[in-house]
Amino acid sequence: MKKKVLTFLLIPILGFISFQSCEKEKEGENERKVSSHGSSESHNNGQNCMSCHKSGGSGEGWFTLAGSVYDSTKANPLPNATIRLYSGPNGSGTLAATVEVDNRGNMYTTESINFGAGLYPSVEGSSSTQYMSTTIASGECSSCHGVTTDKIWTK
């Protein structure tokens, strides 16, 4: 009698555990990842985050915007800055997205961003804001910055 009761209780428990692990390991799902001030979960400062953090990539989450921010010397990561994307130049127009930079100088998000005809980024530090004079149609910041153009920086 005790064996039957144990078997009966064990099957529903194992079925639940098995179901939960399948949910977490589902292939093709995008894991929500968003950088924030004070966080230190990021890595590989200065590299193109989206070479791994994309659908089918080895990184967790499919980033829509990602990159690294530096101080005015362009040698040291700048923690806790803020990236804003606007529809107009120099912080004009509609604010389309805001992403916080973490303690390691990296920013990233898996949140949906409508780049439309292009967005103008700004990077805000504790004492200054820098504006990009041209639009971006992709959030792959480190694919150009630090490679073919200057690093993203502010004070």
# chains A, B, ... in the order shown; residues from 1 in each chain; ligands from 1

call {"tool": "select_by_dssp", "arguments": {"residues": "chain A", "states": "strand (DSSP E)", "output": "PyMOL selection string"}}
result
chain A and resi 65-70+82-86+95-100+106-109+120-124+129-131+152-153

call {"tool": "residues_around", "arguments": {"residues": "Tyr86 of chain A", "least_positions_apart": "5", "cutoff": "10 Å", "atoms": "only C-alpha atoms", "output": "ChimeraX atom specification"}}
result
/A:91-98,115,118-122,135

call {"tool": "closest_residue", "arguments": {"among": "A:Arg32, A:His43, A:Lys54, A:Lys155", "to": "Gly67 of chain A", "atoms": "only C-alpha atoms"}}
result
A:His43

call {"tool": "closest_atom_pairs", "arguments": {"of": "segment 65-137 of chain A", "to": "segment 142-154 of chain A", "cutoff": "10 Å", "atoms": "only C-alpha atoms", "output": "JSON lines"}}
result
{"residue": "A:Leu65", "atom": "CA", "partner": "A:Ser142", "partner_atom": "CA", "distance": 9.8}
{"residue": "A:Ala66", "atom": "CA", "partner": "A:Ser142", "partner_atom": "CA", "distance": 7.4}
{"residue": "A:Gly67", "atom": "CA", "partner": "A:Ser142", "partner_atom": "CA", "distance": 5.1}
{"residue": "A:Ser68", "atom": "CA", "partner": "A:Ile152", "partner_atom": "CA", "distance": 6.9}
{"residue": "A:Val69", "atom": "CA", "partner": "A:Ile152", "partner_atom": "CA", "distance": 5.1}
{"residue": "A:Tyr70", "atom": "CA", "partner": "A:Trp153", "partner_atom": "CA", "distance": 4.5}
{"residue": "A:Asp71", "atom": "CA", "partner": "A:Trp153", "partner_atom": "CA", "distance": 5.3}
{"residue": "A:Ser72", "atom": "CA", "partner": "A:Thr154", "partner_atom": "CA", "distance": 5.5}
{"residue": "A:Thr73", "atom": "CA", "partner": "A:Trp153", "partner_atom": "CA", "distance": 8.2}
{"residue": "A:Lys74", "atom": "CA", "partner": "A:Trp153", "partner_atom": "CA", "distance": 6.4}
{"residue": "A:Ala75", "atom": "CA", "partner": "A:Lys151", "partner_atom": "CA", "distance": 9.2}
{"residue": "A:Asn76", "atom": "CA", "partner": "A:Trp153", "partner_atom": "CA", "distance": 9.5}
{"residue": "A:Pro77", "atom": "CA", "partner": "A:Trp153", "partner_atom": "CA", "distance": 8.7}
{"residue": "A:Leu78", "atom": "CA", "partner": "A:Trp153", "partner_atom": "CA", "distance": 7.7}
{"residue": "A:Ala81", "atom": "CA", "partner": "A:Thr154", "partner_atom": "CA", "distance": 8.2}
{"residue": "A:Gly105", "atom": "CA", "partner": "A:Trp153", "partner_atom": "CA", "distance": 10.0}
{"residue": "A:Ser122", "atom": "CA", "partner": "A:Ile152", "partner_atom": "CA", "distance": 9.6}
{"residue": "A:Val123", "atom": "CA", "partner": "A:Thr154", "partner_atom": "CA", "distance": 6.6}
{"residue": "A:Glu124", "atom": "CA", "partner": "A:Thr154", "partner_atom": "CA", "distance": 6.6}
{"residue": "A:Gly125", "atom": "CA", "partner": "A:Thr154", "partner_atom": "CA", "distance": 5.6}
{"residue": "A:Ser126", "atom": "CA", "partner": "A:Thr154", "partner_atom": "CA", "distance": 8.5}
{"residue": "A:Ser127", "atom": "CA", "partner": "A:Thr154", "partner_atom": "CA", "distance": 8.2}
{"residue": "A:Ser128", "atom": "CA", "partner": "A:Thr154", "partner_atom": "CA", "distance": 6.3}
{"residue": "A:Thr129", "atom": "CA", "partner": "A:Thr154", "partner_atom": "CA", "distance": 6.4}
{"residue": "A:Gln130", "atom": "CA", "partner": "A:Thr154", "partner_atom": "CA", "distance": 6.1}
{"residue": "A:Tyr131", "atom": "CA", "partner": "A:Thr154", "partner_atom": "CA", "distance": 9.6}
{"residue": "A:Met132", "atom": "CA", "partner": "A:Ile152", "partner_atom": "CA", "distance": 9.3}

call {"tool": "residues_around", "arguments": {"residues": "His53 of chain A", "least_positions_apart": "3", "cutoff": "12 Å", "atoms": "only C-alpha atoms", "output": "list in words"}}
result
Asn30, Glu31, Arg32, Lys33, Ser42, His43, Asn44, Gln47, Asn48, Cys49, Met50, Gly56, Gly57, Ser58, Gly59, Glu60, Gly61, Trp62, Phe63, Thr64, Leu65, Ala66, Gly67, Tyr108, Thr109, Thr110, Gly139 and Glu140 of chain A

call {"tool": "write_last_selection", "arguments": {"atoms": "C-alpha atoms", "output": "mmCIF file, in the first residue's frame"}}
result
data_model
loop_
_atom_site.group_PDB
_atom_site.id
_atom_site.type_symbol
_atom_site.label_atom_id
_atom_site.label_comp_id
_atom_site.auth_asym_id
_atom_site.auth_seq_id
_atom_site.Cartn_x
_atom_site.Cartn_y
_atom_site.Cartn_z
ATOM 1 C CA ASN A 30 14.661 35.423 -26.257
ATOM 2 C CA GLU A 31 15.696 35.919 -22.644
ATOM 3 C CA ARG A 32 14.956 39.424 -21.283
ATOM 4 C CA LYS A 33 18.209 41.269 -20.481
ATOM 5 C CA SER A 42 28.112 42.363 -18.296
ATOM 6 C CA HIS A 43 31.444 41.390 -19.848
ATOM 7 C CA ASN A 44 33.709 41.884 -22.896
ATOM 8 C CA GLN A 47 33.559 44.191 -28.168
ATOM 9 C CA ASN A 48 30.555 43.852 -30.472
ATOM 10 C CA CYS A 49 27.999 42.406 -28.035
ATOM 11 C CA MET A 50 25.623 41.474 -30.815
ATOM 12 C CA GLY A 56 21.031 31.572 -32.688
ATOM 13 C CA GLY A 57 24.065 33.134 -30.945
ATOM 14 C CA SER A 58 25.822 31.814 -27.870
ATOM 15 C CA GLY A 59 24.940 34.822 -25.645
ATOM 16 C CA GLU A 60 21.871 34.999 -23.415
ATOM 17 C CA GLY A 61 19.294 37.383 -24.866
ATOM 18 C CA TRP A 62 19.025 38.951 -28.313
ATOM 19 C CA PHE A 63 20.166 42.535 -27.923
ATOM 20 C CA THR A 64 18.498 45.337 -29.873
ATOM 21 C CA LEU A 65 20.963 47.944 -28.557
ATOM 22 C CA ALA A 66 24.351 47.288 -26.970
ATOM 23 C CA GLY A 67 27.786 48.822 -26.583
ATOM 24 C CA TYR A 108 22.385 46.509 -23.519
ATOM 25 C CA THR A 109 18.719 45.707 -23.924
ATOM 26 C CA THR A 110 16.547 43.029 -25.464
ATOM 27 C CA GLY A 139 21.786 49.191 -32.103
ATOM 28 C CA GLU A 140 25.073 47.414 -32.795
#

call {"tool": "residues_around", "arguments": {"residues": "Ser39 of chain A", "least_positions_apart": "4", "cutoff": "9 Å", "atoms": "only C-alpha atoms", "output": "number ranges by chain"}}
result
A: 35, 80, 101-104
